[in-house]
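Q: Next comes the structure file model.cif, holding mmCIF, C-alpha atoms.
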data_upload
loop_
_atom_site.label_atom_id
_atom_site.label_comp_id
_atom_site.auth_asym_id
_atom_site.auth_seq_id
_atom_site.Cartn_x
_atom_site.Cartn_y
_atom_site.Cartn_z
CA MET A 232 -9.57 1.97 6.09
CA ALA A 233 -8.08 -1.29 4.83
CA LEU A 234 -4.98 -0.79 2.73
CA ARG A 235 -5.17 -2.59 -0.61
CA ALA A 236 -1.87 -3.42 -2.29
CA GLY A 237 -1.46 -5.03 -5.70
CA MET A 238 1.53 -7.24 -6.54
CA ILE A 239 2.81 -6.77 -10.08
CA GLY A 240 5.81 -7.98 -12.05
CA LEU A 241 6.91 -10.00 -15.03
CA PRO A 242 5.95 -13.68 -15.35
CA GLY A 243 8.43 -15.80 -13.40
CA CYS A 244 9.54 -13.02 -11.02
CA GLY A 245 8.41 -15.02 -7.98
CA LYS A 246 5.39 -12.93 -7.02
CA THR A 247 3.29 -15.88 -5.92
CA ALA A 248 6.02 -17.16 -3.57
CA ILE A 249 6.14 -13.75 -1.92
CA PHE A 250 2.33 -13.57 -1.88
CA ASN A 251 2.28 -16.88 -0.03
CA ALA A 252 4.94 -15.66 2.40
CA VAL A 253 3.05 -12.45 3.18
CA THR A 254 -0.43 -13.96 3.36
CA ALA A 255 0.21 -17.64 4.22
CA ALA A 256 -2.42 -18.32 1.56
CA GLY A 257 -0.65 -21.36 0.12
CA VAL A 258 -1.84 -20.75 -3.44
CA ALA A 259 -0.30 -22.46 -6.44
CA ALA A 260 1.10 -20.68 -9.48
CA PHE A 261 -1.57 -19.16 -11.69
CA GLY A 262 -3.64 -21.41 -13.86
CA ARG A 263 -7.00 -20.14 -15.00
CA ALA A 264 -7.40 -17.68 -12.14
CA GLU A 265 -7.25 -14.01 -13.01
CA LEU A 266 -5.77 -13.09 -9.62
CA ASN A 267 -5.35 -14.19 -6.02
CA ARG A 268 -6.59 -12.17 -3.03
CA ALA A 269 -5.95 -12.47 0.69
CA VAL A 270 -6.53 -10.26 3.73
CA VAL A 271 -3.81 -10.31 6.37
CA ALA A 272 -3.58 -8.78 9.84
CA VAL A 273 -1.14 -5.89 10.17
CA PRO A 274 1.35 -6.91 12.88
CA ASP A 275 1.59 -4.33 15.68
CA ASP A 276 3.25 -5.12 19.02
CA ARG A 277 1.40 -2.21 20.61
CA LEU A 278 -1.98 -3.84 20.02
CA GLU A 279 -0.76 -7.02 21.70
CA VAL A 280 0.39 -5.01 24.73
CA LEU A 281 -2.95 -3.19 24.94
CA SER A 282 -4.82 -6.48 24.66
CA GLY A 283 -2.78 -7.86 27.55
CA MET A 284 -3.58 -4.77 29.60
CA TYR A 285 -7.36 -4.66 28.96
CA GLN A 286 -8.05 -8.40 28.49
CA PRO A 287 -10.87 -7.62 26.01
CA LEU A 288 -13.36 -10.10 24.61
CA LYS A 289 -12.01 -9.35 21.15
CA THR A 290 -8.77 -7.96 19.67
CA VAL A 291 -9.00 -6.64 16.12
CA PRO A 292 -5.88 -5.63 14.16
CA ALA A 293 -5.76 -3.36 11.14
CA THR A 294 -5.79 -5.33 7.88
CA LEU A 295 -3.98 -5.36 4.57
CA GLU A 296 -5.59 -6.77 1.44
CA VAL A 297 -3.02 -8.16 -0.97
CA VAL A 298 -3.95 -8.78 -4.60
CA ASP A 299 -1.56 -10.97 -6.59
CA ILE A 300 -2.00 -9.97 -10.23
CA PRO A 301 -0.67 -12.44 -12.86
CA GLY A 302 2.52 -11.35 -14.61
CA LEU A 303 2.31 -8.83 -17.42
CA ALA A 304 4.49 -9.78 -20.38
CA ALA A 305 5.64 -7.27 -22.98
CA GLY A 306 2.81 -6.40 -25.37
CA SER A 307 0.08 -8.01 -23.27
CA THR A 308 -2.09 -4.89 -23.42
CA SER A 309 -1.55 -4.14 -27.12
CA PHE A 310 -4.72 -5.78 -28.34
CA GLY A 311 -6.93 -5.54 -25.27
CA GLY A 312 -8.14 -8.78 -23.70
CA ARG A 313 -6.56 -10.35 -20.65
CA GLY A 314 -3.75 -7.81 -20.19
CA ASN A 315 -6.20 -4.92 -20.00
CA ARG A 316 -8.44 -6.87 -17.62
CA LEU A 317 -5.50 -7.44 -15.30
CA LEU A 318 -4.57 -3.76 -15.38
CA GLY A 319 -8.18 -3.04 -14.45
CA HIS A 320 -7.41 -4.70 -11.11
CA VAL A 321 -4.41 -2.37 -10.66
CA LYS A 322 -6.74 0.62 -10.79
CA ASP A 323 -8.59 -0.64 -7.69
CA VAL A 324 -5.56 -0.74 -5.37
CA ASP A 325 -3.98 1.98 -3.20
CA ALA A 326 -0.36 1.03 -3.85
CA LEU A 327 1.70 -1.34 -5.97
CA ILE A 328 4.26 -3.89 -4.82
CA HIS A 329 6.48 -4.35 -7.87
CA VAL A 330 8.43 -7.62 -7.61
CA VAL A 331 11.68 -7.77 -9.59
CA ARG A 332 13.63 -11.01 -10.15
CA PHE A 333 17.20 -11.28 -8.83
CA PHE A 334 17.59 -15.06 -9.00
CA PRO A 335 18.73 -17.18 -12.01
CA GLY A 336 16.19 -17.52 -14.80
CA THR A 337 15.88 -17.91 -18.55
CA GLU A 338 17.02 -14.30 -19.03
CA SER A 339 19.77 -12.23 -17.45
CA ILE A 340 19.15 -10.23 -14.27
CA ASP A 341 18.36 -6.68 -15.37
CA PRO A 342 16.15 -4.61 -13.02
CA GLN A 343 15.91 -1.62 -15.34
CA ARG A 344 14.74 -3.73 -18.28
CA ASP A 345 12.23 -5.66 -16.17
CA THR A 346 10.69 -2.63 -14.47
CA GLU A 347 10.46 -0.74 -17.76
CA ILE A 348 8.56 -3.59 -19.43
CA VAL A 349 5.87 -3.53 -16.74
CA ASP A 350 5.78 0.28 -16.64
CA LEU A 351 5.30 0.47 -20.41
CA GLU A 352 2.35 -1.92 -20.23
CA MET A 353 0.70 0.31 -17.61
CA VAL A 354 1.59 3.44 -19.59
CA ALA A 355 0.06 2.00 -22.78
CA ALA A 356 -3.21 1.24 -21.01
CA ASP A 357 -3.21 4.66 -19.31
CA ALA A 358 -2.59 6.46 -22.59
CA GLN A 359 -5.71 4.85 -24.06
CA THR A 360 -7.75 5.74 -20.97
CA VAL A 361 -6.71 9.40 -21.16
CA GLU A 362 -7.34 9.48 -24.92
CA ASN A 363 -10.88 8.23 -24.28
CA LYS A 364 -11.42 11.11 -21.87
CA ILE A 365 -9.93 13.57 -24.37
CA GLU A 366 -12.49 12.45 -26.96
CA ARG A 367 -15.31 13.12 -24.49
CA LEU A 368 -13.86 16.53 -23.61
CA LEU A 369 -13.53 17.46 -27.30
CA LYS A 370 -17.29 17.13 -27.73
CA LYS A 371 -17.90 19.39 -24.73
CA SER A 372 -15.27 21.92 -25.77
CA ARG A 373 -16.97 22.44 -29.14
CA THR A 374 -19.95 23.88 -27.26
CA GLY A 375 -17.68 26.54 -25.73
CA ASP A 376 -17.57 24.90 -22.27
CA LYS A 377 -14.63 26.74 -20.66
CA GLU A 378 -14.04 24.10 -17.99
CA ALA A 379 -13.94 21.38 -20.64
CA ILE A 380 -11.44 23.42 -22.68
CA ARG A 381 -9.18 23.90 -19.64
CA GLU A 382 -9.40 20.23 -18.67
CA LEU A 383 -8.76 19.17 -22.26
CA GLU A 384 -5.48 21.04 -22.33
CA LEU A 385 -4.35 19.46 -19.08
CA CYS A 386 -5.25 15.94 -20.25
CA ARG A 387 -3.38 16.48 -23.51
CA LYS A 388 -0.23 17.34 -21.55
CA VAL A 389 -0.47 14.17 -19.50
CA ALA A 390 -1.29 12.08 -22.59
CA GLY A 391 1.71 13.51 -24.47
CA ARG A 392 4.12 12.40 -21.75
CA LEU A 393 2.44 8.99 -21.57
CA GLN A 394 2.99 8.64 -25.32
CA GLU A 395 6.68 9.28 -24.62
CA GLY A 396 6.65 6.30 -22.24
CA ILE A 397 6.81 8.33 -19.01
CA PRO A 398 4.69 6.81 -16.20
CA ALA A 399 2.28 9.30 -14.65
CA ARG A 400 3.94 9.02 -11.21
CA ARG A 401 7.20 10.31 -12.77
CA GLN A 402 5.58 13.28 -14.50
CA ASN A 403 5.52 15.57 -11.44
CA LEU A 404 1.88 16.31 -12.16
CA SER A 405 0.52 19.61 -10.90
CA GLU A 406 -2.58 19.61 -8.68
CA ALA A 407 -4.61 20.71 -11.69
CA GLU A 408 -3.26 17.87 -13.84
CA GLN A 409 -3.92 15.32 -11.11
CA ALA A 410 -7.48 16.57 -10.79
CA ALA A 411 -7.98 16.39 -14.56
CA VAL A 412 -7.01 12.71 -14.75
CA TYR A 413 -8.36 11.69 -11.33
CA GLU A 414 -11.37 9.81 -12.70
CA CYS A 415 -9.07 7.83 -15.04
CA HIS A 416 -7.52 5.96 -12.07
CA LEU A 417 -4.22 5.71 -13.92
CA ALA A 418 -2.26 2.54 -13.15
CA SER A 419 1.10 4.25 -13.69
CA LEU A 420 0.17 6.96 -11.16
CA LYS A 421 -0.06 4.47 -8.28
CA PRO A 422 2.75 4.77 -5.70
CA VAL A 423 5.16 1.84 -5.78
CA VAL A 424 7.19 -0.21 -3.30
CA TYR A 425 9.83 -2.24 -5.13
CA VAL A 426 10.70 -5.76 -3.98
CA ALA A 427 14.06 -7.24 -4.92
CA ASN A 428 13.35 -10.98 -4.94
CA VAL A 429 16.76 -12.54 -4.32
CA ALA A 430 17.80 -16.20 -4.22
CA GLY A 431 19.04 -15.76 -0.63
CA MET A 432 19.56 -12.84 1.74
CA GLU A 433 23.32 -13.12 1.19
CA ASP A 434 22.62 -11.53 -2.23
CA ALA A 435 21.08 -8.40 -0.70
CA GLU A 436 24.19 -6.27 -1.25
CA LYS A 437 24.88 -7.29 -4.83
CA ALA A 438 25.38 -4.53 -7.41
CA GLU A 439 22.23 -5.48 -9.34
CA VAL A 440 20.11 -4.89 -6.22
CA GLY A 441 21.82 -1.53 -5.81
CA ARG A 442 20.68 -0.62 -9.32
CA LEU A 443 17.05 -1.23 -8.37
CA LYS A 444 17.48 0.83 -5.18
CA ALA A 445 18.90 3.70 -7.24
CA LEU A 446 16.01 3.47 -9.70
CA ALA A 447 13.51 3.50 -6.83
CA ALA A 448 15.24 6.41 -5.11
CA GLY A 449 14.86 8.40 -8.33
CA GLU A 450 11.09 8.40 -7.82
CA SER A 451 11.22 8.63 -3.99
CA ALA A 452 10.21 4.99 -3.61
CA GLU A 453 11.50 2.30 -1.26
CA THR A 454 13.07 -1.04 -2.03
CA VAL A 455 12.53 -4.08 0.21
CA VAL A 456 14.89 -7.02 -0.29
CA VAL A 457 13.14 -10.38 0.12
CA SER A 458 14.08 -13.98 -0.54
CA GLY A 459 10.71 -15.30 -1.66
CA ARG A 460 11.92 -18.88 -1.42
CA ASP A 461 13.15 -18.51 2.18
CA GLU A 462 10.12 -16.47 3.25
CA ALA A 463 7.71 -19.04 1.82
CA ASP A 464 9.50 -21.74 3.83
CA LEU A 465 9.29 -19.56 6.96
CA ALA A 466 5.54 -19.10 6.53
CA GLU A 467 5.01 -22.87 6.91
CA LEU A 468 6.85 -23.15 10.24
CA GLU A 469 5.53 -22.88 13.79
CA PRO A 470 6.43 -19.59 15.56
CA ASP A 471 9.28 -21.06 17.66
CA GLU A 472 10.82 -22.84 14.67
CA ARG A 473 10.35 -19.74 12.54
CA LYS A 474 12.33 -17.61 14.99
CA ILE A 475 15.27 -20.07 14.92
CA PHE A 476 15.23 -20.32 11.11
CA MET A 477 15.12 -16.51 10.79
CA GLN A 478 18.20 -16.23 12.98
CA GLU A 479 20.00 -18.78 10.81
CA LEU A 480 19.09 -16.82 7.67
CA GLY A 481 19.98 -13.45 9.19
CA ILE A 482 16.40 -12.18 8.85
CA THR A 483 15.37 -9.89 11.71
CA GLU A 484 11.84 -9.14 10.50
CA SER A 485 9.43 -11.03 8.27
CA SER A 486 8.64 -9.80 4.76
CA THR A 487 5.09 -9.08 5.91
CA ILE A 488 6.24 -6.52 8.48
CA ARG A 489 8.81 -4.93 6.18
CA LEU A 490 6.42 -4.61 3.25
CA ILE A 491 3.59 -3.24 5.38
CA ARG A 492 5.84 -0.65 6.99
CA ALA A 493 7.11 0.43 3.59
CA ALA A 494 3.55 0.68 2.25
CA TYR A 495 2.42 2.70 5.28
CA ARG A 496 5.31 5.14 4.82
CA LEU A 497 4.59 5.36 1.10
CA LEU A 498 0.94 6.27 1.66
CA GLY A 499 1.49 8.38 4.78
CA LEU A 500 -0.61 6.07 6.97
CA ILE A 501 -0.62 5.85 10.77
CA THR A 502 -2.32 3.64 13.35
CA PHE A 503 -4.48 4.71 16.29
CA PHE A 504 -6.36 2.59 18.81
CA THR A 505 -9.63 2.20 20.67
CA THR A 506 -9.56 0.13 23.87
CA GLY A 507 -11.88 -1.33 26.46
CA PRO A 508 -13.14 -4.57 28.04
CA ASP A 509 -15.17 -5.49 24.95
CA GLU A 510 -12.64 -4.75 22.24
CA CYS A 511 -9.13 -3.48 21.56
CA ARG A 512 -8.81 -2.41 17.96
CA ALA A 513 -6.28 -0.83 15.60
CA TRP A 514 -7.48 1.72 13.06
CA THR A 515 -5.71 3.30 10.10
CA CYS A 516 -5.88 6.91 8.90
CA ARG A 517 -3.63 9.25 6.98
CA ARG A 518 -1.01 11.29 8.79
CA GLY A 519 -2.41 14.78 9.29
CA ASP A 520 -6.06 13.69 9.31
CA PRO A 521 -8.13 15.89 11.66
CA ALA A 522 -9.92 14.17 14.55
CA PRO A 523 -13.38 14.03 12.88
CA THR A 524 -11.90 12.34 9.77
CA ALA A 525 -10.09 9.75 11.90
CA ALA A 526 -13.28 9.21 13.93
CA GLY A 527 -15.08 8.51 10.66
CA LYS A 528 -12.87 5.44 10.18
CA ILE A 529 -14.57 3.99 13.25
CA HIS A 530 -18.11 4.97 12.20
CA SER A 531 -19.50 7.61 9.85
CA ASP A 532 -21.83 8.87 12.61
CA MET A 533 -18.80 9.79 14.69
CA GLU A 534 -17.47 12.05 11.95
CA GLN A 535 -20.81 13.72 11.29
CA GLY A 536 -21.68 14.30 14.94
CA PHE A 537 -18.14 14.81 16.26
CA ILE A 538 -17.91 16.82 19.50
CA ARG A 539 -14.46 16.06 20.91
CA MET A 540 -11.86 13.35 21.27
CA GLU A 541 -10.22 12.10 24.45
CA VAL A 542 -6.60 11.19 23.72
CA ILE A 543 -3.86 9.35 25.59
CA ARG A 544 -0.57 8.65 23.87
CA TYR A 545 0.41 4.98 23.84
CA GLY A 546 3.74 5.62 25.54
CA ASP A 547 2.09 7.63 28.32
CA LEU A 548 -0.46 4.88 28.98
CA ILE A 549 2.25 2.22 29.21
CA ASP A 550 4.38 4.40 31.50
CA CYS A 551 1.44 5.11 33.81
CA GLY A 552 0.03 1.58 33.75
CA SER A 553 -3.67 2.52 33.41
CA GLU A 554 -6.00 5.15 31.98
CA GLU A 555 -6.86 6.32 35.50
CA ALA A 556 -3.21 6.90 36.37
CA ALA A 557 -2.62 8.68 33.06
CA ALA A 558 -5.62 10.95 33.73
CA LYS A 559 -4.36 11.78 37.24
CA ALA A 560 -0.97 12.66 35.75
CA GLY A 561 -2.70 15.07 33.35
CA LEU A 562 -1.85 12.96 30.33
CA ARG A 563 -5.40 12.44 29.07
CA ARG A 564 -6.28 15.36 26.83
CA LEU A 565 -9.48 16.69 25.31
CA GLU A 566 -9.01 17.60 21.65
CA GLY A 567 -11.32 19.37 19.23
CA LYS A 568 -12.00 19.26 15.51
CA GLU A 569 -8.64 20.75 14.54
CA TYR A 570 -6.55 18.12 16.29
CA GLN A 571 -4.47 15.94 13.98
CA VAL A 572 -4.46 12.34 15.18
CA ALA A 573 -0.94 10.99 15.81
CA ASP A 574 0.46 7.48 15.40
CA GLY A 575 -0.18 5.49 18.58
CA ASP A 576 -2.99 7.68 19.94
CA ILE A 577 -5.53 5.85 22.09
CA VAL A 578 -8.84 7.62 21.60
CA VAL A 579 -12.41 7.89 22.84
CA VAL A 580 -14.75 9.79 20.53
CA ARG A 581 -17.59 11.86 21.92
CA PHE A 582 -20.30 12.55 19.36
CA SER A 583 -23.97 13.32 18.97
CA SER A 584 -26.09 10.89 16.99
#
As a first step, turn the structure in this file into structure tokens.
A:
Amino acid sequence: MALRAGMIGLPGCGKTAIFNAVTAAGVAAFGRAELNRAVVAVPDDRLEVLSGMYQPLKTVPATLEVVDIPGLAAGSTSFGGRGNRLLGHVKDVDALIHVVRFFPGTESIDPQRDTEIVDLEMVAADAQTVENKIERLLKKSRTGDKEAIRELELCRKVAGRLQEGIPARRQNLSEAEQAAVYECHLASLKPVVYVANVAGMEDAEKAEVGRLKALAAGESAETVVVSGRDEADLAELEPDERKIFMQELGITESSTIRLIRAAYRLLGLITFFTTGPDECRAWTCRRGDPAPTAAGKIHSDMEQGFIRMEVIRYGDLIDCGSEEAAAKAGLRRLEGKEYQVADGDIVVVRFSS
């Protein structure tokens, strides 16, 4: 399962610089293009260690697709057109990376104002989407369809709060309400990681950044502080030079790693591995997924014909030095359909085709 994250923010917030830093895509600021896309490898030191141990023909990391969506100005969705088309792209992503400007610009630095402008554009589009569904449900409800009547009431509740300017993710929707609006793919329901785009990392502790962190904490979201300018410069350097420059800037991890980790935590994702002489590969599933569901990420046949899963924890394999040694130490386990795959599991799936 490839994670798909959409970058949003006001025009001039520095999204494209951060996009370039994360993806090394080297794209220019938006001209005619509706959006930029890039697929990046998810850095994982464990996969590198496994590749060194097995010396496979191929090493395949998990991937992250990043979609850089042009800035949404206030009122851009009011009359349809380009603003609504751009929000259509938001509906296709798993999570949002909301970039907020903390460097000098034509307007003052105000994270609450800037985030609210973008939220209200998403809310306006969502309100129209839910209203369209309400109109369809009204026709069904007039026939006495009880399910349509129940769903209509739920949609009206969500629509009412959208009309008040409350994003769907802040509405504490019940399971029934979420199910009622599921097919609407509401943009304002997407989970968000906030990015404070500062002029330099020395600004990370400024009060304005603290205001964004407080806002994010209010909806159980994370804030990642990034200097888009510095990170874009880092992305152009060779690895050895990059390490020296990072030390000079006081950056211990790249924005790519920090953003991916935040997105994984946000979506409850974990990584497991398959290994062997042909291929070492990282796979992504949700925390708590049972073994057959995780096996289905490798191939649908494995989920349908699942029999059992052989599991060695990454730490146990490294401590023992080989699969054979781990097996002799009793650290290779056989797990059934109820087993919940854990982060770092190294698995072999047994299945019937």
Q: Going by the chain IDs and residue numbers used in this file, which residues fall under the PyMOL selection byres ((chain A and resi 383) around 8)? Write them as a PyMOL selection string.
A: chain A and resi 365+368-369+372+379-382+384-387
Q: Go through the shown structure with the PyMOL selection byres ((chain A and resi 572) around 10) and write out the matching residues as an MDAnalysis selection string.
A: chainID A and resid 501:503 516:526 540 542 566 569:571 573:578
Q: Kindly resolve the PyMOL selection byres ((chain A and resi 404) around 12) on the present coordinates and return the residues as a CSV table (one decimal) with C-alpha atoms, in the frame of the given file.
A:
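Done, and the output landed in part_26.csv:
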chain,number,residue,atom,x,y,z
A,385,LEU,CA,-4.4,19.5,-19.1
A,386,CYS,CA,-5.2,15.9,-20.2
A,388,LYS,CA,-0.2,17.3,-21.6
A,389,VAL,CA,-0.5,14.2,-19.5
A,390,ALA,CA,-1.3,12.1,-22.6
A,392,ARG,CA,4.1,12.4,-21.8
A,393,LEU,CA,2.4,9.0,-21.6
A,397,ILE,CA,6.8,8.3,-19.0
A,398,PRO,CA,4.7,6.8,-16.2
A,399,ALA,CA,2.3,9.3,-14.6
A,400,ARG,CA,3.9,9.0,-11.2
A,401,ARG,CA,7.2,10.3,-12.8
A,402,GLN,CA,5.6,13.3,-14.5
A,403,ASN,CA,5.5,15.6,-11.4
A,405,SER,CA,0.5,19.6,-10.9
A,406,GLU,CA,-2.6,19.6,-8.7
A,407,ALA,CA,-4.6,20.7,-11.7
A,408,GLU,CA,-3.3,17.9,-13.8
A,409,GLN,CA,-3.9,15.3,-11.1
A,410,ALA,CA,-7.5,16.6,-10.8
A,411,ALA,CA,-8.0,16.4,-14.6
A,412,VAL,CA,-7.0,12.7,-14.8
A,413,TYR,CA,-8.4,11.7,-11.3
A,420,LEU,CA,0.2,7.0,-11.2
Q: Hey, which of A:Val440, A:Val297, A:Ala252, A:Ala448 ends up closest to Ile328 (chain A)? Count all atoms listed in the file.
A: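 Using all atoms listed in the file, the shortest distance to Ile328 (chain A) belongs to A:Val297.
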Q: Please define a box with edges along x, y and z of the file around all atoms of region 434-450 of chain A given in the file, extend it by 8 Å on each side, and return its centre and edge lengths in Å to one decimal, as JSON.
A:
{"center_x": 18.2, "center_y": -1.6, "center_z": -5.2, "size_x": 30.3, "size_y": 35.9, "size_z": 25.0}
Q: Fewer than 6 positions away in the same chain doesn't count, so skip those; otherwise give me all residues within 9 Å of region 492-494 of chain A, counting all atoms listed in the file, as a list in words.
A: Leu234, Ala236, Ala326, Leu327, Ile328, Pro422, Val423, Val424, Glu453, Thr454, Val455 and Leu500 of chain A
Q: Val271 (chain A): which residues within 6 Å, counting all atoms listed in the file, same-chain residues fewer than 6 positions away excluded, as a PyMOL selection string?
A: chain A and resi 254+294-295
Q: Excluding Glu439 (chain A) and its own-chain neighbours fewer than 4 positions away, which residues fall within 12 Å of it when counting only C-alpha atoms? Please give them as a PyMOL selection string.
A: chain A and resi 331-334+339-344+427-429+434-435+443-446+456
